[in-house]
$ cat model25.txt   # compact mmCIF, C-alpha atoms
# COMPACT_ATOMS: atom_id res chain seq x y z
CA MET A 1 0.00 0.00 0.00
CA SER A 2 1.42 3.39 -0.92
CA GLU A 3 1.71 6.11 1.67
CA THR A 4 -0.41 9.23 1.21
CA ASN A 5 -0.20 12.68 2.70
CA LYS A 6 -3.44 14.55 3.41
CA SER A 7 -2.81 18.15 2.43
CA VAL A 8 -4.66 21.44 2.15
CA VAL A 9 -4.43 22.80 -1.40
CA PHE A 10 -4.50 26.56 -1.83
CA GLN A 11 -3.83 29.10 -4.53
CA VAL A 12 -1.24 31.87 -4.59
CA GLY A 13 -0.94 33.85 -7.80
CA ASN A 14 -1.99 31.41 -10.52
CA GLU A 15 -0.30 28.40 -8.93
CA GLU A 16 -1.47 25.69 -6.55
CA TYR A 17 0.41 24.86 -3.36
CA ALA A 18 -0.21 22.41 -0.53
CA ILE A 19 0.65 22.05 3.14
CA GLN A 20 0.25 18.76 4.97
CA ILE A 21 -2.82 18.73 7.19
CA GLN A 22 -0.77 17.92 10.31
CA TYR A 23 0.39 21.58 10.36
CA VAL A 24 -3.06 23.10 9.77
CA ILE A 25 -5.11 24.28 12.76
CA SER A 26 -7.90 25.90 10.77
CA ILE A 27 -8.86 27.80 7.64
CA GLU A 28 -10.43 31.17 8.38
CA LYS A 29 -12.20 33.82 6.35
CA MET A 30 -10.27 37.02 6.01
CA GLU A 31 -10.90 39.14 9.10
CA SER A 32 -9.45 42.47 10.09
CA ILE A 33 -5.70 42.30 10.59
CA THR A 34 -4.07 44.63 13.10
CA PRO A 35 -0.97 46.07 11.44
CA ILE A 36 2.25 46.16 13.47
CA PRO A 37 4.87 48.74 12.44
CA HIS A 38 8.51 47.92 11.70
CA LEU A 39 7.96 44.28 10.79
CA PRO A 40 9.12 42.82 7.46
CA GLU A 41 6.98 43.67 4.43
CA TYR A 42 5.62 40.12 4.14
CA VAL A 43 4.05 40.38 7.63
CA LYS A 44 0.59 41.92 7.36
CA GLY A 45 0.11 42.19 11.13
CA ILE A 46 -1.56 40.07 13.78
CA VAL A 47 -4.99 38.50 14.08
CA GLU A 48 -6.80 36.78 16.92
CA VAL A 49 -7.81 33.20 16.21
CA ARG A 50 -9.44 31.14 18.94
CA GLY A 51 -8.13 33.46 21.64
CA GLU A 52 -4.55 33.42 20.40
CA LEU A 53 -2.75 36.34 18.73
CA ILE A 54 -0.82 35.13 15.72
CA PRO A 55 1.19 36.85 12.97
CA VAL A 56 -0.21 36.92 9.44
CA ILE A 57 2.21 36.45 6.56
CA ASP A 58 1.32 37.26 2.96
CA PHE A 59 2.37 34.24 0.94
CA GLU A 60 2.10 36.11 -2.36
CA SER A 61 4.56 38.67 -1.03
CA ILE A 62 7.00 35.89 -0.07
CA LEU A 63 6.73 34.00 -3.36
CA TYR A 64 6.20 36.77 -5.90
CA ASN A 65 7.35 39.99 -4.17
CA ARG A 66 3.92 41.58 -4.51
CA PRO A 67 1.09 41.93 -1.98
CA LEU A 68 -1.96 39.72 -2.27
CA LEU A 69 -4.99 41.53 -3.66
CA VAL A 70 -7.58 40.53 -1.08
CA ASN A 71 -11.05 39.53 -2.31
CA GLU A 72 -13.92 37.43 -0.94
CA ASN A 73 -12.03 34.19 -1.69
CA ALA A 74 -8.96 35.14 0.37
CA ARG A 75 -8.34 32.86 3.34
CA LEU A 76 -6.05 32.60 6.32
CA ILE A 77 -4.58 29.14 6.75
CA VAL A 78 -3.67 28.94 10.42
CA LEU A 79 -0.59 26.77 10.96
CA LYS A 80 1.19 25.36 13.99
CA THR A 81 4.92 24.68 13.79
CA ASP A 82 7.27 23.68 16.59
CA GLU A 83 8.32 27.30 16.98
CA ILE A 84 5.27 29.47 16.38
CA SER A 85 1.66 29.55 15.21
CA LEU A 86 1.04 31.74 12.19
CA ALA A 87 -1.59 32.50 9.59
CA VAL A 88 -0.74 32.36 5.90
CA LEU A 89 -2.75 34.72 3.70
CA VAL A 90 -3.63 33.02 0.39
CA ASN A 91 -5.87 33.73 -2.63
CA GLU A 92 -8.11 30.76 -1.99
CA ALA A 93 -8.12 27.55 0.05
CA LYS A 94 -9.37 25.00 -2.46
CA GLU A 95 -9.60 21.51 -1.01
CA ILE A 96 -8.11 18.78 1.14
CA ILE A 97 -6.62 15.94 -0.90
CA ASP A 98 -4.48 12.85 -0.49
CA ILE A 99 -1.14 13.14 -2.24
CA PRO A 100 0.30 9.66 -2.84
CA GLU A 101 4.01 9.49 -1.97
CA GLU A 102 4.87 8.16 -5.45
CA LYS A 103 3.26 11.24 -7.08
CA LEU A 104 5.54 13.61 -5.13
CA LYS A 105 8.64 14.42 -7.17
CA GLN A 106 11.72 16.22 -5.91
CA VAL A 107 12.72 19.28 -7.86
CA GLY A 108 16.18 20.76 -8.21
CA LEU A 109 14.95 24.05 -6.78
CA ILE A 110 14.74 22.49 -3.31
CA THR A 111 18.47 22.92 -2.96
CA TYR A 112 18.18 26.65 -3.69
CA SER A 113 18.25 28.44 -0.33
CA LYS A 114 15.28 30.72 -1.06
CA THR A 115 13.02 27.77 -1.92
CA SER A 116 14.30 25.23 0.61
CA TYR A 117 10.75 24.99 1.99
CA PHE A 118 9.50 23.25 -1.19
CA VAL A 119 9.15 19.55 -0.29
CA GLY A 120 8.44 18.58 -3.88
CA VAL A 121 5.90 18.86 -6.67
CA ALA A 122 2.88 16.57 -6.90
CA ASN A 123 1.83 15.69 -10.43
CA LEU A 124 -1.87 14.84 -10.14
CA ASP A 125 -4.22 14.53 -13.12
CA HIS A 126 -2.84 17.44 -15.17
CA ARG A 127 -2.22 19.54 -12.02
CA LEU A 128 1.14 20.47 -10.58
CA ILE A 129 0.92 21.24 -6.86
CA THR A 130 4.00 22.45 -5.00
CA VAL A 131 4.13 21.04 -1.47
CA ILE A 132 5.51 23.32 1.25
CA ASN A 133 7.01 22.54 4.66
CA PRO A 134 5.97 25.39 7.01
CA SER A 135 8.86 24.80 9.44
CA SER A 136 11.39 25.17 6.62
CA LEU A 137 9.47 28.20 5.34
CA LEU A 138 9.85 29.91 8.71
CA LYS A 139 13.59 29.23 8.80
CA SER A 140 13.98 30.83 5.35
CA LEU A 141 12.19 34.10 6.23
CA GLU A 142 14.30 37.12 6.98
CA GLY A 143 13.33 38.74 10.28
CA ILE A 144 11.36 35.78 11.64
CA GLU A 145 13.36 35.68 14.89
CA GLU A 146 12.21 39.21 15.73
CA ILE A 147 8.62 38.23 14.98
CA LYS A 148 8.87 35.19 17.27
CA ASP A 149 10.34 37.41 20.02
CA TYR A 150 7.58 39.98 19.49
CA MET A 151 4.84 37.34 19.65
CA ALA A 152 6.42 35.77 22.78
CA SER A 153 6.32 39.14 24.51
CA TYR A 154 2.62 39.50 23.60
CA VAL A 155 1.57 36.25 25.27

$ encode --input "model25.txt" --output "structure tokens"
Amino acid sequence: MSETNKSVVFQVGNEEYAIQIQYVISIEKMESITPIPHLPEYVKGIVEVRGELIPVIDFESILYNRPLLVNENARLIVLKTDEISLAVLVNEAKEIIDIPEEKLKQVGLITYSKTSYFVGVANLDHRLITVINPSSLLKSLEGIEEIKDYMASYV
């Protein structure tokens, strides 16, 4: 029996990405985000989810160096990593799917330091879905240590 990975598929720009469900706490509609000055450009601010204040990062800003144009489909995917909880702002959260291990292909870009958070690309029925590891994503973000310190002082 092949191993599968349940993952949340979402859209950023025109591309589809996925994060394994084990990292996902919830998917929320876009609510008001409280901006915090002097944080990196990709950090939109903080939001309260289930009584916890968490930073919101704009995934379009990280991937494409442009802010996400928020519309009614925009969602916050709330993630829990070993280090911090955070919300990822995306165009649209599409579905939860099983990605069979044999469909996940490694790409040469994984070795590139700025994309080290790409686990691989799933080739599923004429769809290419890039799978992301949130813990690796955090390690790759400039200024994340200051954000973790800021959030720790807020708790």

$ axis_aligned_box --input "model25.txt" --around "range 81-100 of chain A" --padding-each-side "3 Å" --output "lines of an AutoDock Vina configuration file"
center_x = -0.6
center_y = 22.2
center_z = 7.1
size_x = 23.9
size_y = 31.1
size_z = 25.8

$ atom_distance --input "model25.txt" --atom1 "CA of Arg75 in chain A" --atom2 "CA of Tyr17 in chain A"
13.6 Å

$ atom_distance --input "model25.txt" --atom1 "CA of Ala87 in chain A" --atom2 "CA of Lys105 in chain A"
26.7 Å

$ closest_residue --input "model25.txt" --among "A:Ile147, A:Leu137, A:Val56, A:Val12" --to "Lys44 in chain A" --atoms "all atoms listed in the file"
A:Val56

$ closest_residue --input "model25.txt" --among "A:Val49, A:Val131, A:Ile27, A:Leu63" --to "Asp98 in chain A" --atoms "only C-alpha atoms"
A:Val131

$ closest_residue --input "model25.txt" --among "A:Gly45, A:Ile19, A:Glu101, A:Lys94" --to "Ser136 in chain A" --atoms "all atoms listed in the file"
A:Ile19

$ atom_distance --input "model25.txt" --atom1 "CA of Gly13 in chain A" --atom2 "CA of Val90 in chain A"
8.7 Å

$ closest_residue --input "model25.txt" --among "A:Met151, A:Val107, A:Leu124, A:Ile129" --to "Ile84 in chain A" --atoms "only C-alpha atoms"
A:Met151

$ residues_around --input "model25.txt" --residues "Val78 in chain A" --least-positions-apart "5" --cutoff "9 Å" --atoms "only C-alpha atoms" --output "PyMOL selection string"
chain A and resi 23-28+49+54+56+85-89

$ closest_residue --input "model25.txt" --among "A:Ser61, A:Asn71, A:Ser140, A:Thr115" --to "Val43 in chain A" --atoms "all atoms listed in the file"
A:Ser61

$ closest_residue --input "model25.txt" --among "A:Ile57, A:Val121, A:Ala93, A:Ile62" --to "Val8 in chain A" --atoms "all atoms listed in the file"
A:Ala93

$ residues_around --input "model25.txt" --residues "Thr130 in chain A" --least-positions-apart "5" --cutoff "8 Å" --atoms "all atoms listed in the file" --output "PyMOL selection string"
chain A and resi 16-18+118-122
